[in-house]
Each structure stands twice: as C-alpha cells, then as structure tokens.
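Visitor: start-v3.pdb (PDB, C-alpha atoms) pasted underneath:
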```pdb
MODEL        1
ATOM      1  CA  MET A1375     -44.208  21.834  19.869
ATOM      2  CA  PRO A1376     -43.414  18.079  19.871
ATOM      3  CA  ASP A1377     -41.156  16.778  17.127
ATOM      4  CA  PRO A1378     -42.121  13.143  16.415
ATOM      5  CA  GLN A1379     -38.936  12.494  14.429
ATOM      6  CA  LEU A1380     -36.724  13.729  17.253
ATOM      7  CA  GLU A1381     -38.757  11.782  19.807
ATOM      8  CA  ALA A1382     -38.374   8.647  17.676
ATOM      9  CA  LEU A1383     -34.618   9.223  17.468
ATOM     10  CA  VAL A1384     -34.370   9.648  21.248
ATOM     11  CA  ALA A1385     -36.334   6.412  21.698
ATOM     12  CA  ARG A1386     -34.169   4.574  19.167
ATOM     13  CA  ILE A1387     -30.945   5.724  20.780
ATOM     14  CA  GLY A1388     -32.412   4.749  24.147
ATOM     15  CA  GLU A1389     -32.327   1.129  22.952
ATOM     16  CA  PHE A1390     -28.516   1.219  22.757
ATOM     17  CA  HIS A1391     -26.372   0.266  25.729
ATOM     18  CA  ILE A1392     -24.548   3.571  26.165
ATOM     19  CA  THR A1393     -21.595   3.617  28.503
ATOM     20  CA  ASP A1394     -20.218   7.040  27.596
ATOM     21  CA  ARG A1395     -21.053   9.436  30.416
ATOM     22  CA  ALA A1396     -21.596  12.488  28.177
ATOM     23  CA  MET A1397     -23.894  10.666  25.766
ATOM     24  CA  ARG A1398     -25.812   9.027  28.595
ATOM     25  CA  ALA A1399     -26.340  12.454  30.201
ATOM     26  CA  ALA A1400     -27.443  13.955  26.869
ATOM     27  CA  GLN A1401     -29.867  11.062  26.430
ATOM     28  CA  GLU A1402     -31.335  11.581  29.884
ATOM     29  CA  ARG A1403     -31.680  15.330  29.306
ATOM     30  CA  ALA A1404     -33.447  14.624  26.013
ATOM     31  CA  ARG A1405     -35.853  12.170  27.658
ATOM     32  CA  ALA A1406     -36.597  14.646  30.430
ATOM     33  CA  ALA A1407     -37.135  17.489  27.944
ATOM     34  CA  ILE A1408     -39.555  15.362  25.926
ATOM     35  CA  ALA A1409     -41.440  14.350  29.073
ATOM     36  CA  ALA A1410     -41.655  17.996  30.149
ATOM     37  CA  GLY A1411     -42.611  19.143  26.656
ATOM     38  CA  ASP A1412     -39.635  21.483  26.768
ATOM     39  CA  PHE A1413     -37.339  20.313  23.942
ATOM     40  CA  ASP A1414     -36.357  23.731  22.626
ATOM     41  CA  GLU A1415     -34.025  24.464  19.700
ATOM     42  CA  SER A1416     -30.981  24.881  21.941
ATOM     43  CA  ARG A1417     -31.518  21.470  23.573
ATOM     44  CA  ARG A1418     -32.209  19.955  20.179
ATOM     45  CA  ARG A1419     -28.894  21.220  18.755
ATOM     46  CA  GLU A1420     -27.021  20.101  21.878
ATOM     47  CA  TYR A1421     -28.545  16.630  21.712
ATOM     48  CA  LEU A1422     -27.924  16.150  18.006
ATOM     49  CA  GLU A1423     -24.302  17.252  18.436
ATOM     50  CA  ALA A1424     -23.854  14.732  21.254
ATOM     51  CA  VAL A1425     -25.345  12.048  19.000
ATOM     52  CA  ARG A1426     -22.923  12.888  16.179
ATOM     53  CA  ARG A1427     -19.957  12.993  18.547
ATOM     54  CA  TYR A1428     -20.863   9.616  20.032
ATOM     55  CA  PHE A1429     -21.943   7.661  16.947
ATOM     56  CA  THR A1430     -19.498   8.973  14.298
ATOM     57  CA  PRO A1431     -16.502   6.982  15.618
ATOM     58  CA  PHE A1432     -18.634   3.830  15.757
ATOM     59  CA  GLU A1433     -19.668   4.322  12.156
ATOM     60  CA  ARG A1434     -16.035   4.791  11.089
ATOM     61  CA  GLU A1435     -15.046   1.671  13.009
ATOM     62  CA  ALA A1436     -17.888  -0.335  11.466
ATOM     63  CA  ARG A1437     -16.948   0.836   7.956
ATOM     64  CA  ALA A1438     -13.305  -0.139   8.548
ATOM     65  CA  HIS A1439     -14.429  -3.534   9.813
ATOM     66  CA  LEU A1440     -16.661  -3.994   6.767
ATOM     67  CA  ARG A1441     -13.749  -3.178   4.439
ATOM     68  CA  ASP A1442     -11.622  -5.744   6.294
ATOM     69  CA  VAL A1443     -14.336  -8.407   6.093
ATOM     70  CA  ASP A1444     -14.905  -7.671   2.391
ATOM     71  CA  LYS A1445     -11.181  -8.030   1.735
ATOM     72  CA  ARG A1446     -11.067 -11.311   3.635
ATOM     73  CA  LEU A1447     -14.119 -12.574   1.747
ATOM     74  CA  GLU A1448     -12.475 -11.631  -1.530
ATOM     75  CA  ASN A1449      -9.381 -13.613  -0.522
ATOM     76  CA  ALA A1450     -11.513 -16.555   0.607
ATOM     77  CA  ASN A1451     -13.429 -16.507  -2.674
ATOM     78  CA  GLN A1452     -10.140 -16.516  -4.572
ATOM     79  CA  VAL A1453      -8.987 -19.529  -2.549
ATOM     80  CA  VAL A1454     -12.280 -21.335  -3.297
ATOM     81  CA  PHE A1455     -11.929 -20.492  -6.993
ATOM     82  CA  ASN A1456      -8.331 -21.760  -7.053
ATOM     83  CA  LEU A1457      -9.198 -24.954  -5.162
ATOM     84  CA  THR A1458     -12.136 -25.618  -7.480
ATOM     85  CA  ALA A1459      -9.816 -25.271 -10.468
ATOM     86  CA  GLU A1460      -7.255 -27.565  -8.812
ATOM     87  CA  ARG A1461      -9.978 -30.085  -8.089
ATOM     88  CA  GLY A1462     -11.040 -30.026 -11.739
ATOM     89  CA  VAL A1463      -7.450 -30.725 -12.819
ATOM     90  CA  ALA A1464      -7.169 -33.585 -10.308
ATOM     91  CA  VAL A1465     -10.437 -35.131 -11.522
ATOM     92  CA  LYS A1466      -9.240 -34.952 -15.136
ATOM     93  CA  ARG A1467      -5.945 -36.587 -14.161
ATOM     94  CA  ILE A1468      -7.824 -39.383 -12.388
ATOM     95  CA  GLU A1469     -10.070 -39.910 -15.406
ATOM     96  CA  ALA A1470      -7.073 -39.941 -17.764
ATOM     97  CA  THR A1471      -5.033 -42.344 -15.634
ATOM     98  CA  GLN A1472      -8.058 -44.602 -15.072
ATOM     99  CA  GLY A1473      -8.517 -44.721 -18.826
ATOM    100  CA  VAL A1474      -4.897 -45.685 -19.352
ATOM    101  CA  LEU A1475      -4.990 -48.319 -16.599
ATOM    102  CA  ALA A1476      -8.268 -49.768 -17.894
ATOM    103  CA  GLU A1477      -6.845 -49.989 -21.428
ATOM    104  CA  ALA A1478      -3.672 -51.626 -20.093
ATOM    105  CA  ALA A1479      -5.761 -54.152 -18.130
ATOM    106  CA  ARG A1480      -7.887 -54.859 -21.199
ATOM    107  CA  ILE A1481      -4.804 -55.448 -23.329
ATOM    108  CA  GLU A1482      -3.235 -57.570 -20.614
ATOM    109  CA  GLY A1483      -6.415 -59.646 -20.289
ATOM    110  CA  ALA A1484      -6.604 -60.155 -24.053
ATOM    111  CA  GLN A1485      -3.081 -61.547 -24.161
ATOM    112  CA  ARG A1486      -3.752 -64.308 -21.648
TER
ENDMDL
END
```
Here is the file; what I need is its structure written in the form of structure tokens.

Guide:
Amino acid sequence: MPDPQLEALVARIGEFHITDRAMRAAQERARAAIAAGDFDESRRREYLEAVRRYFTPFEREARAHLRDVDKRLENANQVVFNLTAERGVAVKRIEATQGVLAEAARIEGAQR
C-alpha cells in the first residue's frame, strides 16, 4: 500500500545533493521500492534510520552555527547601541560648545 507521506519525504530528500555513499544507496533503494510498489515495513524502517543517521549531524551543525550567529548578532547589536550612545554624547558636546562659541562671538562683536 503506497504511503504518500513517505513518498513525499523520499522526493524531498531526493532534492538534496547527497554525497554520502550509504545515504545515496538508501535513497536509490527507496526510489526503486516506490517505483516497484514494494516499500515494505522493513525497507521503511531501514530508510528512515538512514535518514536520521545522515541528517542528524547536519541539524546539530546548523543549530551550533545558529547559536554562533545569534551570539555575534547580540555582540553587534551591543556595539551599535554603544556607538549610538556615544554619538548622542558627541552631538550634545558639539551643541554645547557651539553655544559657548556663539555666545563668545556675540559678546566679542558687541564690544567692538
């Protein structure tokens, strides 16, 4: 009896570029079994185990990479926050010094 979910999974995995010999062989056996209408429970278990064995390390690697990227983004956001605060301080210093210089120029101009 065809299993549409399993057939969809086999098709989805078939879209990946698989270089691992064992997974590639399992994929080919699964395709052949579907084509022959002979995807029994034993082949199903074997295929799903091959899928877990192949994809689990990739998932772990992707999760580790995501944690690293998140940490780097957090650091970058902190840098942006700090630079924005520094910029605000610099702008206030410019405004304050411009005010002082303008007042000094006004006083100097009034004394002439």

Visitor: For CA of Ala1396 in chain A and CA of Val1425 in chain A, determine how far apart the two atoms are, in Å to one decimal place.

Guide: 9.9 Å

Visitor: Rank A:Leu1380, A:Ile1387, A:Arg1480, A:Asn1449 by their smallest atom-to-atom distance to Arg1417 in chain A, using only C-alpha atoms, and report the top residue only.

Guide: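 When distances to Arg1417 in chain A are compared using only C-alpha atoms, the smallest one comes from A:Leu1380.
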
Visitor: Given the file shown, enumerate the residues that the PyMOL selection byres ((chain A and resi 1420) around 12) captures and present them as a ChimeraX atom specification.

Guide: /A:1396-1397,1399-1401,1403-1404,1413-1419,1421-1427

Visitor: Which residues, written as a short mmCIF file (atom, residue, chain, number, x, y, z; two decimals) with C-alpha atoms, in the coordinates of the input, have at least one atom at most 12 Å from Glu1389 in chain A, with only C-alpha atoms counted and residues fewer than 5 positions away on the same chain left out?

Guide:
```
data_model
loop_
_atom_site.label_atom_id
_atom_site.label_comp_id
_atom_site.auth_asym_id
_atom_site.auth_seq_id
_atom_site.Cartn_x
_atom_site.Cartn_y
_atom_site.Cartn_z
CA ALA A 1382 -38.37 8.65 17.68
CA LEU A 1383 -34.62 9.22 17.47
CA VAL A 1384 -34.37 9.65 21.25
CA ARG A 1398 -25.81 9.03 28.60
CA GLN A 1401 -29.87 11.06 26.43
#
```

Visitor: Would you give the centre and edge lengths, in Å to one decimal, of a box along x, y and z around the listed atoms of range 1480-1484 of chain A, with 4 Å added to each side, as lines of an AutoDock Vina configuration file?

Guide:
```
center_x = -5.6
center_y = -57.5
center_z = -22.2
size_x = 12.7
size_y = 13.3
size_z = 11.8
```

Visitor: In Å, rounded to a single decimal, give me how far CA of Val1443 in chain A is from CA of Phe1455 in chain A.

Guide: 18.0 Å

Visitor: To one decimal place, how far is CA of Asp1394 in chain A from CA of Pro1431 in chain A in Å?

Guide: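 These atoms are spaced 12.5 Å apart.
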